[in-house]
Amino acid sequence: TFVLRLTSFPDGHKAEDQPEGTNVAKYFDRGWCYTEQSWASLTKSGNLSLDLGKMRDGKEYYCRSLINDYYSLRDDCTRDGGRRPPLLPSAFAAELEKKSFTNGKDDKPLVKGLYEAAFKEQFGKATELNYRELGWGDAE
């Protein structure tokens, strides 16, 4: 399965035009977006984790020639690394404290537990970890 992330709003989108109560925080500051991206980073292939916010302005991606357009879309949407390194549950929990939730009091403890369970499950059953060609540096 693919993970599709929309990390930037389309041109013309204005936060002030959204209904009252809408979480208009930037993608990387939002708790659920951060959590879902972190889940995908556990074991998802980098070619299957696409950041649609990196699509090129003015470029059209046609479905008629699916294979060629997939490679073009994949290349554009994985620029500068499509998949982040997996985080230990303690590092995830620390970073999560900096994120915003519409209902932060209830969601933070919930997603911390869900992430830890997913981490244990995914790494507990993994037989191979492939981190090639992900654009990571020494820090990652």
# chains A, B, ... in the order shown; residues from 1 in each chain; ligands from 1
>>> residues_around(residues="Arg56 (chain A)", least_positions_apart="6", cutoff="10 Å", atoms="only C-alpha atoms", output="ChimeraX atom specification")
/A:73,76-77
>>> write_last_selection(atoms="N, CA, C and O atoms", output="tab-separated table (two decimals), in the first residue's frame")
chain	number	residue	atom	x	y	z
A	73	LEU	N	6.20	10.82	-10.70
A	73	LEU	CA	5.56	11.22	-9.45
A	73	LEU	C	6.40	10.79	-8.26
A	73	LEU	O	6.66	11.57	-7.35
A	76	ASP	N	9.55	12.93	-7.91
A	76	ASP	CA	9.24	14.27	-7.40
A	76	ASP	C	8.84	14.22	-5.92
A	76	ASP	O	9.23	15.07	-5.14
A	77	CYS	N	8.06	13.22	-5.55
A	77	CYS	CA	7.49	13.16	-4.20
A	77	CYS	C	8.39	12.48	-3.17
A	77	CYS	O	8.02	12.37	-2.00
>>> residues_around(residues="region 87-95 of chain A", least_positions_apart="4", cutoff="7 Å", atoms="only C-alpha atoms", output="NGL selection string")
:A and (112 or 115-116)
>>> closest_residue(among="A:Asp51, A:Asp80, A:Asp11, A:Asp69", to="Gly137 (chain A)", atoms="only C-alpha atoms")
A:Asp80
>>> closest_residue(among="A:Arg83, A:Arg132, A:Thr7, A:Leu48", to="Tyr71 (chain A)", atoms="only C-alpha atoms")
A:Leu48
>>> select_by_dssp(residues="region 3-139 of chain A", states="strand (DSSP E or B)", output="list of chain:residue names")
A:Val3, A:Leu4, A:Arg5, A:Arg30, A:Ser49, A:Leu50, A:Asp51, A:Ser100
>>> write_last_selection(atoms="N, CA and C atoms", output="PDB file, in the first residue's frame")
ATOM      1  N   VAL A   3       1.592   5.274   1.066  1.00  0.00           N
ATOM      2  CA  VAL A   3       1.331   6.316   2.044  1.00  0.00           C
ATOM      3  C   VAL A   3       1.429   7.629   1.279  1.00  0.00           C
ATOM      4  N   LEU A   4       0.349   8.378   1.246  1.00  0.00           N
ATOM      5  CA  LEU A   4       0.304   9.660   0.551  1.00  0.00           C
ATOM      6  C   LEU A   4       0.158  10.758   1.588  1.00  0.00           C
ATOM      7  N   ARG A   5       1.127  11.676   1.615  1.00  0.00           N
ATOM      8  CA  ARG A   5       1.108  12.787   2.563  1.00  0.00           C
ATOM      9  C   ARG A   5       0.970  14.087   1.793  1.00  0.00           C
ATOM     10  N   ARG A  30       1.491  19.120  13.318  1.00  0.00           N
ATOM     11  CA  ARG A  30       0.238  18.472  13.706  1.00  0.00           C
ATOM     12  C   ARG A  30       0.498  17.083  14.265  1.00  0.00           C
ATOM     13  N   SER A  49       6.147   5.735   0.027  1.00  0.00           N
ATOM     14  CA  SER A  49       5.800   6.828   0.930  1.00  0.00           C
ATOM     15  C   SER A  49       6.028   8.133   0.175  1.00  0.00           C
ATOM     16  N   LEU A  50       4.961   8.702  -0.342  1.00  0.00           N
ATOM     17  CA  LEU A  50       5.054   9.861  -1.224  1.00  0.00           C
ATOM     18  C   LEU A  50       4.533  11.125  -0.548  1.00  0.00           C
ATOM     19  N   ASP A  51       5.311  12.191  -0.661  1.00  0.00           N
ATOM     20  CA  ASP A  51       4.925  13.500  -0.152  1.00  0.00           C
ATOM     21  C   ASP A  51       4.354  14.311  -1.308  1.00  0.00           C
ATOM     22  N   SER A 100       0.762  19.716  17.941  1.00  0.00           N
ATOM     23  CA  SER A 100      -0.569  20.155  18.359  1.00  0.00           C
ATOM     24  C   SER A 100      -1.621  19.145  17.920  1.00  0.00           C
TER      25      SER A 100
END
>>> select_by_dssp(residues="region 104-136 of chain A", states="alpha helix (DSSP H)", output="list in words")
Gly104, Lys105, Asp106, Asp107, Lys108, Pro109, Leu110, Val111, Lys112, Gly113, Leu114, Tyr115, Glu116, Ala117, Ala118, Phe119, Lys120, Glu121, Gln122, Phe123, Gly124 and Lys125 of chain A
>>> closest_residue(among="A:Asp29, A:Asp75, A:Glu97, A:Glu20", to="Glu133 (chain A)", atoms="only C-alpha atoms")
A:Asp75
>>> residues_around(residues="Asp107 (chain A)", least_positions_apart="5", cutoff="9 Å", atoms="only C-alpha atoms", output="list in words")
Gly31, Trp32, Phe101, Thr102 and Lys112 of chain A
>>> residues_around(residues="Asn47 (chain A)", least_positions_apart="5", cutoff="9 Å", atoms="only C-alpha atoms", output="ChimeraX atom specification")
/A:2,74-75,78,82-83,134
>>> closest_residue(among="A:Ser45, A:Glu36, A:Thr22, A:Asp17", to="Thr1 (chain A)", atoms="only C-alpha atoms")
A:Ser45
>>> residues_around(residues="region 123-125 of chain A", least_positions_apart="5", cutoff="9 Å", atoms="only C-alpha atoms", output="PyMOL selection string")
chain A and resi 42-43+118
>>> atom_distance(atom1="CA of Ala126 (chain A)", atom2="CA of Thr35 (chain A)")
20.3 Å
>>> closest_residue(among="A:Leu129, A:Phe9, A:Gln37, A:Lys59", to="Ala25 (chain A)", atoms="only C-alpha atoms")
A:Phe9
